[in-house]
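Participant: Mind looking over this structure? Questions follow.
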Amino acid sequence: MMRSLGSVAVLGVVVAGIVAFGLAPREVTQGNVQRIMYVHVPAIGVAYLAFILVFVASIIYLWTRAPEADHIAHAATEVGVLFLGVNIATGAIWGKPTWGTWWTWDARLTSAAILFVVFVGYLLVRRMTDDHERGARFAAVVGIVGALNIPLVHFSVYWWRALHQPPTFLKPGPAAVSASIGWSLLVCFAGLALLGAYFVSKRYALLRAHQQASA
Amino acid sequence: MRFVRRTWAVVRKDVLIERRTKETVNGVVFFSVLLLFVFEFTLGADRERLAGVLPGLLWLAVLLAALLGLGRTFVLERENDCWEALLLTPGDKGAVYVGKLAGNGLLMALVETIVLLLFTLFLNVDVAGALPGLLLVLALGTVGIAAVGTLFGAMTAHVRARELLFPVLLLPVLVPVLLAIVRSTEALLAGESLGTVDHWLKLLVAADVIYVVAGLLTFDVLLEG
Amino acid sequence: MSADHWGFVVAAYGVAILALGWYWRRLVHLERSLKTPMRRATRRRSLTG
């Protein structure tokens, strides 16, 4: 089952690549550098899904203390941080030719960076707590508070930036897109989401196996 | 009613200990004064620039001092083998959380008062006109910072590298609250009315509610042996 | 007509592939390190059991 999910994920990523480079049109205002969006935007979408999973799994873990819930939260945080990192890196690489600098404190990059540190904190807490079960509990609290914080981060950063950025960046979401670009984004999101799902299930299985082996 | 009594017991204990040892307050106040000197030395020459960054500096001073104080919330209990006493508190541990939160809030209120006074006196900030609005922002912001700080303080009391992990966990989570209070302070000190920062105030209230409720619900879990 | 900056596009996709590929390989390594001691344990059990 796991192997077929893995194969489907790889297939999804390949299809996404084909769409991003072969089928998606050359964007009018930015040129081909816009194609970076086909990995940048889906990445954060997958990260959000992962963090929602972290939130739910953490609550379930604190409620039931079922180790499976903790494993899911742990796996989902790793995958979320991974895709968020990809989002930030590709965002910076896109920003250099577009805005002239690697980093601008625009709403999206700043929010992503804050979230990144919050959930790295989740992984740090696990690592730095000597007792494993205690670390799992602490991490669950961090996961819950971190996830609840996401809308607060978005609004505060968006309002903060709204006064300082030109109209292009006023909207928190992606700018208005043409239909073909929209479809391409969707396909690429599906491909990356499959990869993310594979990563989470594989990591979960490994965490469970590790726990059972050391039991 | 028992909840309130228990909460008050926690606050009283911490205030008494603090009054006798003055451990945390001294360090925090001294640090604020030090910051004031640093700001004056580095930015004092350019009066206009100083005025521009004043709200940020104000809250930087409060935040740094708060980090010192908040991180130590549960250190006394842990160092003196009183952790089990916390665990043995009958019933809902929420009273301990609120008590500690209130204690931390008081500490931060003290720091804020001192920092505001120092800034007004030495850096020539005119606070008078904006004071009522400023106090509201201070109160809302303090609750938010203390709520998360107390929760994470309990968590990191038992972690190996507490001094490192506590700020790493706390600061990113507090960014929305920090943005709200700095922006509001900026607007109020510039003479704007409270209505212009309405959205920031709403965000602070939302944050406070979320953090305190989350704290009440998860504090028990953090105290478990 | 704006420039295409293909170098940056390659760099971005390269970073993404490297990061995702790194994680994939990490999963493979973790799996391998889990399987080895378990194999020894089952062998030991079948020898003694």
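Going through the structure tokens in order, the chains are called A, B, and so on, while each chain numbers its residues from 1 and the ligands are numbered from 1 in the order shown.
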Just want the 6 Å neighbourhood of stretch 1-16 of chain A, counted on only C-alpha atoms, with same-chain residues fewer than 6 positions away dropped. Output as a count of residues only.

Facilitator: 6

Participant: Pick out each residue of stretch 179-215 of chain B that DSSP on the backbone tags as alpha helix (DSSP H); I need them as a ChimeraX atom specification.

Facilitator: /B:179-189,198-215

Participant: Please, could you write that set of residues out with N, CA and C atoms as a PDB file, in the first residue's frame?

Facilitator:
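Wrote it out as again17.pdb, contents follow:
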```
ATOM      1  N   LEU B 179       3.114  42.973  17.035  1.00  0.00           N
ATOM      2  CA  LEU B 179       2.749  43.867  15.942  1.00  0.00           C
ATOM      3  C   LEU B 179       1.597  44.769  16.373  1.00  0.00           C
ATOM      4  N   ALA B 180       0.603  44.163  17.012  1.00  0.00           N
ATOM      5  CA  ALA B 180      -0.578  44.923  17.411  1.00  0.00           C
ATOM      6  C   ALA B 180      -0.208  46.021  18.398  1.00  0.00           C
ATOM      7  N   ILE B 181       0.579  45.666  19.428  1.00  0.00           N
ATOM      8  CA  ILE B 181       0.837  46.688  20.445  1.00  0.00           C
ATOM      9  C   ILE B 181       1.809  47.760  19.939  1.00  0.00           C
ATOM     10  N   VAL B 182       2.782  47.387  19.146  1.00  0.00           N
ATOM     11  CA  VAL B 182       3.704  48.402  18.634  1.00  0.00           C
ATOM     12  C   VAL B 182       2.989  49.358  17.700  1.00  0.00           C
ATOM     13  N   ARG B 183       2.188  48.811  16.769  1.00  0.00           N
ATOM     14  CA  ARG B 183       1.461  49.653  15.831  1.00  0.00           C
ATOM     15  C   ARG B 183       0.481  50.562  16.553  1.00  0.00           C
ATOM     16  N   SER B 184      -0.207  50.013  17.549  1.00  0.00           N
ATOM     17  CA  SER B 184      -1.177  50.820  18.294  1.00  0.00           C
ATOM     18  C   SER B 184      -0.464  51.921  19.063  1.00  0.00           C
ATOM     19  N   THR B 185       0.614  51.553  19.749  1.00  0.00           N
ATOM     20  CA  THR B 185       1.377  52.550  20.507  1.00  0.00           C
ATOM     21  C   THR B 185       1.860  53.662  19.582  1.00  0.00           C
ATOM     22  N   GLU B 186       2.360  53.275  18.429  1.00  0.00           N
ATOM     23  CA  GLU B 186       2.848  54.233  17.452  1.00  0.00           C
ATOM     24  C   GLU B 186       1.749  55.235  17.081  1.00  0.00           C
ATOM     25  N   ALA B 187       0.581  54.689  16.751  1.00  0.00           N
ATOM     26  CA  ALA B 187      -0.522  55.550  16.338  1.00  0.00           C
ATOM     27  C   ALA B 187      -0.958  56.459  17.473  1.00  0.00           C
ATOM     28  N   LEU B 188      -1.071  55.887  18.680  1.00  0.00           N
ATOM     29  CA  LEU B 188      -1.547  56.676  19.817  1.00  0.00           C
ATOM     30  C   LEU B 188      -0.554  57.779  20.178  1.00  0.00           C
ATOM     31  N   LEU B 189       0.738  57.462  20.160  1.00  0.00           N
ATOM     32  CA  LEU B 189       1.740  58.475  20.489  1.00  0.00           C
ATOM     33  C   LEU B 189       1.792  59.564  19.434  1.00  0.00           C
ATOM     34  N   ASP B 198      -8.648  50.424  16.068  1.00  0.00           N
ATOM     35  CA  ASP B 198      -9.724  49.522  16.434  1.00  0.00           C
ATOM     36  C   ASP B 198      -9.414  48.074  16.046  1.00  0.00           C
ATOM     37  N   HIS B 199      -8.924  47.841  14.814  1.00  0.00           N
ATOM     38  CA  HIS B 199      -8.684  46.472  14.365  1.00  0.00           C
ATOM     39  C   HIS B 199      -7.580  45.811  15.181  1.00  0.00           C
ATOM     40  N   TRP B 200      -6.562  46.589  15.538  1.00  0.00           N
ATOM     41  CA  TRP B 200      -5.497  46.028  16.373  1.00  0.00           C
ATOM     42  C   TRP B 200      -6.033  45.618  17.742  1.00  0.00           C
ATOM     43  N   LEU B 201      -6.900  46.462  18.313  1.00  0.00           N
ATOM     44  CA  LEU B 201      -7.466  46.137  19.620  1.00  0.00           C
ATOM     45  C   LEU B 201      -8.278  44.857  19.547  1.00  0.00           C
ATOM     46  N   LYS B 202      -9.044  44.723  18.452  1.00  0.00           N
ATOM     47  CA  LYS B 202      -9.851  43.516  18.307  1.00  0.00           C
ATOM     48  C   LYS B 202      -8.947  42.297  18.216  1.00  0.00           C
ATOM     49  N   LEU B 203      -7.840  42.447  17.477  1.00  0.00           N
ATOM     50  CA  LEU B 203      -6.909  41.330  17.359  1.00  0.00           C
ATOM     51  C   LEU B 203      -6.333  40.961  18.719  1.00  0.00           C
ATOM     52  N   LEU B 204      -6.011  41.974  19.529  1.00  0.00           N
ATOM     53  CA  LEU B 204      -5.462  41.710  20.858  1.00  0.00           C
ATOM     54  C   LEU B 204      -6.467  40.964  21.724  1.00  0.00           C
ATOM     55  N   VAL B 205      -7.714  41.390  21.653  1.00  0.00           N
ATOM     56  CA  VAL B 205      -8.742  40.714  22.450  1.00  0.00           C
ATOM     57  C   VAL B 205      -8.872  39.260  21.990  1.00  0.00           C
ATOM     58  N   ALA B 206      -8.915  39.063  20.661  1.00  0.00           N
ATOM     59  CA  ALA B 206      -9.024  37.695  20.143  1.00  0.00           C
ATOM     60  C   ALA B 206      -7.838  36.859  20.604  1.00  0.00           C
ATOM     61  N   ALA B 207      -6.644  37.428  20.485  1.00  0.00           N
ATOM     62  CA  ALA B 207      -5.451  36.697  20.906  1.00  0.00           C
ATOM     63  C   ALA B 207      -5.524  36.351  22.386  1.00  0.00           C
ATOM     64  N   ASP B 208      -5.891  37.324  23.198  1.00  0.00           N
ATOM     65  CA  ASP B 208      -5.963  37.078  24.644  1.00  0.00           C
ATOM     66  C   ASP B 208      -6.918  35.936  24.955  1.00  0.00           C
ATOM     67  N   VAL B 209      -8.099  35.978  24.334  1.00  0.00           N
ATOM     68  CA  VAL B 209      -9.089  34.925  24.588  1.00  0.00           C
ATOM     69  C   VAL B 209      -8.528  33.570  24.164  1.00  0.00           C
ATOM     70  N   ILE B 210      -7.976  33.506  22.962  1.00  0.00           N
ATOM     71  CA  ILE B 210      -7.436  32.235  22.459  1.00  0.00           C
ATOM     72  C   ILE B 210      -6.346  31.705  23.389  1.00  0.00           C
ATOM     73  N   TYR B 211      -5.419  32.569  23.761  1.00  0.00           N
ATOM     74  CA  TYR B 211      -4.291  32.103  24.556  1.00  0.00           C
ATOM     75  C   TYR B 211      -4.714  31.660  25.954  1.00  0.00           C
ATOM     76  N   VAL B 212      -5.566  32.444  26.592  1.00  0.00           N
ATOM     77  CA  VAL B 212      -5.968  32.086  27.959  1.00  0.00           C
ATOM     78  C   VAL B 212      -6.781  30.782  27.951  1.00  0.00           C
ATOM     79  N   VAL B 213      -7.703  30.658  27.006  1.00  0.00           N
ATOM     80  CA  VAL B 213      -8.495  29.423  26.938  1.00  0.00           C
ATOM     81  C   VAL B 213      -7.587  28.224  26.653  1.00  0.00           C
ATOM     82  N   ALA B 214      -6.696  28.389  25.674  1.00  0.00           N
ATOM     83  CA  ALA B 214      -5.763  27.295  25.372  1.00  0.00           C
ATOM     84  C   ALA B 214      -4.926  26.961  26.600  1.00  0.00           C
ATOM     85  N   GLY B 215      -4.486  27.987  27.317  1.00  0.00           N
ATOM     86  CA  GLY B 215      -3.700  27.768  28.519  1.00  0.00           C
ATOM     87  C   GLY B 215      -4.489  27.011  29.575  1.00  0.00           C
TER      88      GLY B 215
END
```

Participant: With 9 Å as the limit and counting only C-alpha atoms, what residues in chain A lie close to chain B? Please list them as number ranges by chain.

Facilitator: A: 62, 114-115, 117-122, 124-125, 128-130, 134-135, 137-138, 141-142, 144-146, 148-149, 152-157, 159-160

Participant: With 7 Å as the limit and counting only C-alpha atoms, what residues in chain A lie close to chain C? Please list them as a VMD selection string.

Facilitator: chain A and resid 29 to 33 35 to 36 86 90 93 to 94 203 206 210

Participant: How would the residues just chosen look if you wrote them out with C-alpha atoms as an mmCIF file, in the first residue's frame?

Facilitator:
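This went into selection_13.cif:
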```cif
data_model
loop_
_atom_site.group_PDB
_atom_site.id
_atom_site.type_symbol
_atom_site.label_atom_id
_atom_site.label_comp_id
_atom_site.auth_asym_id
_atom_site.auth_seq_id
_atom_site.Cartn_x
_atom_site.Cartn_y
_atom_site.Cartn_z
ATOM 1 C CA THR A 29 3.759 40.455 -17.200
ATOM 2 C CA GLN A 30 6.471 38.422 -15.471
ATOM 3 C CA GLY A 31 7.690 36.057 -18.132
ATOM 4 C CA ASN A 32 8.770 32.532 -17.421
ATOM 5 C CA VAL A 33 10.089 33.327 -13.967
ATOM 6 C CA ARG A 35 6.737 29.319 -13.311
ATOM 7 C CA ILE A 36 8.374 29.265 -9.893
ATOM 8 C CA VAL A 86 10.531 24.942 0.175
ATOM 9 C CA THR A 90 11.431 29.368 -3.712
ATOM 10 C CA ILE A 93 14.490 32.937 -5.327
ATOM 11 C CA TRP A 94 11.445 34.282 -7.169
ATOM 12 C CA ARG A 203 7.033 8.786 8.461
ATOM 13 C CA LEU A 206 8.429 4.483 10.689
ATOM 14 C CA HIS A 210 10.366 2.444 15.995
#
```

Participant: By how many Å are atom CA of B:Phe122 and atom CA of B:Val137 apart?

Facilitator: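 Separating atom CA of B:Phe122 from atom CA of B:Val137 is a distance of 22.4 Å.
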
Participant: Could you give me, as a PyMOL selection string, the residues within 10 Å of B:Arg47, counting only C-alpha atoms and dropping anything in the same chain fewer than 5 positions from it?

Facilitator: chain B and resi 40+52+123-124

Participant: Could you tell me how far atom CA of C:Arg25 lies from atom CA of A:Ser201, in Å and to one decimal?

Facilitator: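 Atom CA of C:Arg25 sits 15.0 Å away from atom CA of A:Ser201.
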
Participant: Would you mind listing what lies within 12 Å of stretch 88-90 of chain B as a VMD selection string, with only C-alpha atoms counted and same-chain residues fewer than 4 positions away left out?

Facilitator: chain B and resid 2 to 3 6 to 7 9 to 10 82 to 84 94 to 97 220 223 to 225

Participant: If you keep C-alpha atoms, can you produce a file of those selected residues as a PDB file, in the first residue's frame?

Facilitator:
```
ATOM      1  CA  ARG B   2     -12.721  27.954  45.354  1.00  0.00           C
ATOM      2  CA  PHE B   3     -11.077  28.693  42.015  1.00  0.00           C
ATOM      3  CA  ARG B   6      -6.775  29.131  44.940  1.00  0.00           C
ATOM      4  CA  THR B   7      -5.763  31.637  42.298  1.00  0.00           C
ATOM      5  CA  ALA B   9      -3.240  31.934  47.040  1.00  0.00           C
ATOM      6  CA  VAL B  10      -0.820  31.439  44.161  1.00  0.00           C
ATOM      7  CA  CYS B  82       7.973  22.101  45.019  1.00  0.00           C
ATOM      8  CA  TRP B  83       6.864  20.787  41.640  1.00  0.00           C
ATOM      9  CA  GLU B  84       5.023  17.888  43.232  1.00  0.00           C
ATOM     10  CA  GLY B  94      -6.375  26.051  36.056  1.00  0.00           C
ATOM     11  CA  ALA B  95      -6.231  28.104  39.236  1.00  0.00           C
ATOM     12  CA  VAL B  96      -2.457  27.659  39.318  1.00  0.00           C
ATOM     13  CA  TYR B  97      -2.263  28.815  35.713  1.00  0.00           C
ATOM     14  CA  ASP B 220      -2.873  20.315  33.452  1.00  0.00           C
ATOM     15  CA  LEU B 223       2.182  19.741  34.957  1.00  0.00           C
ATOM     16  CA  GLU B 224       1.991  15.963  34.788  1.00  0.00           C
ATOM     17  CA  GLY B 225       5.059  14.161  36.009  1.00  0.00           C
TER      18      GLY B 225
END
```

Participant: I'd like the interatomic distance between atom CA of B:Gly99 and atom CA of B:Ala65, to a tenth of an Å.

Facilitator: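 A separation of 20.1 Å between them.
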
Participant: When distances are computed from only C-alpha atoms, which of A:Ala89, A:Val41, A:Leu82, A:Ala107 shows the smallest separation from A:Leu123?

Facilitator: A:Leu82

Participant: Write out as a PDB file with N, CA and C atoms, in the first residue's frame the residues lying within 10 Å of A:Pro67, counting only C-alpha atoms and excluding same-chain residues fewer than 6 positions away.

Facilitator:
```
ATOM      1  N   ILE A  60      -6.226  15.353  19.657  1.00  0.00           N
ATOM      2  CA  ILE A  60      -6.606  13.963  19.896  1.00  0.00           C
ATOM      3  C   ILE A  60      -5.594  13.299  20.827  1.00  0.00           C
ATOM      4  N   TYR A  61      -4.316  13.607  20.614  1.00  0.00           N
ATOM      5  CA  TYR A  61      -3.310  12.988  21.464  1.00  0.00           C
ATOM      6  C   TYR A  61      -3.478  13.404  22.919  1.00  0.00           C
ATOM      7  N   ALA A  73       0.996  13.571  14.468  1.00  0.00           N
ATOM      8  CA  ALA A  73       1.345  14.985  14.673  1.00  0.00           C
ATOM      9  C   ALA A  73       2.821  15.217  14.368  1.00  0.00           C
ATOM     10  N   GLU A 133       7.658  10.655  26.394  1.00  0.00           N
ATOM     11  CA  GLU A 133       6.211  10.873  26.498  1.00  0.00           C
ATOM     12  C   GLU A 133       5.925  12.320  26.884  1.00  0.00           C
ATOM     13  N   ALA A 136       6.346  14.497  23.930  1.00  0.00           N
ATOM     14  CA  ALA A 136       5.184  14.406  23.045  1.00  0.00           C
ATOM     15  C   ALA A 136       4.059  15.303  23.534  1.00  0.00           C
ATOM     16  N   LEU A 207       7.707   5.863  12.554  1.00  0.00           N
ATOM     17  CA  LEU A 207       7.631   6.220  13.974  1.00  0.00           C
ATOM     18  C   LEU A 207       6.973   5.110  14.770  1.00  0.00           C
ATOM     19  N   ARG A 208       5.917   4.540  14.199  1.00  0.00           N
ATOM     20  CA  ARG A 208       5.207   3.470  14.900  1.00  0.00           C
ATOM     21  C   ARG A 208       6.088   2.234  15.034  1.00  0.00           C
ATOM     22  N   GLN A 211       8.638   2.775  17.660  1.00  0.00           N
ATOM     23  CA  GLN A 211       8.082   2.684  19.009  1.00  0.00           C
ATOM     24  C   GLN A 211       7.863   1.236  19.400  1.00  0.00           C
TER      25      GLN A 211
END
```

Participant: Return the single residue from A:Ala215, A:Ala193, A:Ala69, A:Ala20 that is closest to A:Tyr48, with distances computed using only C-alpha atoms.

Facilitator: A:Ala193

Participant: Quick one: everything within 10 Å of A:Leu23, counting only C-alpha atoms, minus sequence neighbours fewer than 6 positions away in the same chain. Send it as a PDB file with N, CA and C atoms, in the first residue's frame.

Facilitator:
```pdb
ATOM      1  N   ALA A  16       3.013  17.096 -12.538  1.00  0.00           N
ATOM      2  CA  ALA A  16       3.064  18.509 -12.158  1.00  0.00           C
ATOM      3  C   ALA A  16       4.191  19.216 -12.896  1.00  0.00           C
ATOM      4  N   GLY A  17       5.333  18.556 -12.967  1.00  0.00           N
ATOM      5  CA  GLY A  17       6.466  19.152 -13.672  1.00  0.00           C
ATOM      6  C   GLY A  17       6.157  19.404 -15.140  1.00  0.00           C
ATOM      7  N   SER A 180      -6.035  29.117 -17.254  1.00  0.00           N
ATOM      8  CA  SER A 180      -5.033  28.072 -17.489  1.00  0.00           C
ATOM      9  C   SER A 180      -3.987  28.059 -16.384  1.00  0.00           C
ATOM     10  N   ILE A 181      -3.634  29.230 -15.880  1.00  0.00           N
ATOM     11  CA  ILE A 181      -2.680  29.270 -14.766  1.00  0.00           C
ATOM     12  C   ILE A 181      -3.327  28.649 -13.531  1.00  0.00           C
ATOM     13  N   SER A 184      -3.271  24.914 -13.849  1.00  0.00           N
ATOM     14  CA  SER A 184      -1.905  24.419 -13.674  1.00  0.00           C
ATOM     15  C   SER A 184      -1.535  24.407 -12.205  1.00  0.00           C
TER      16      SER A 184
END
```
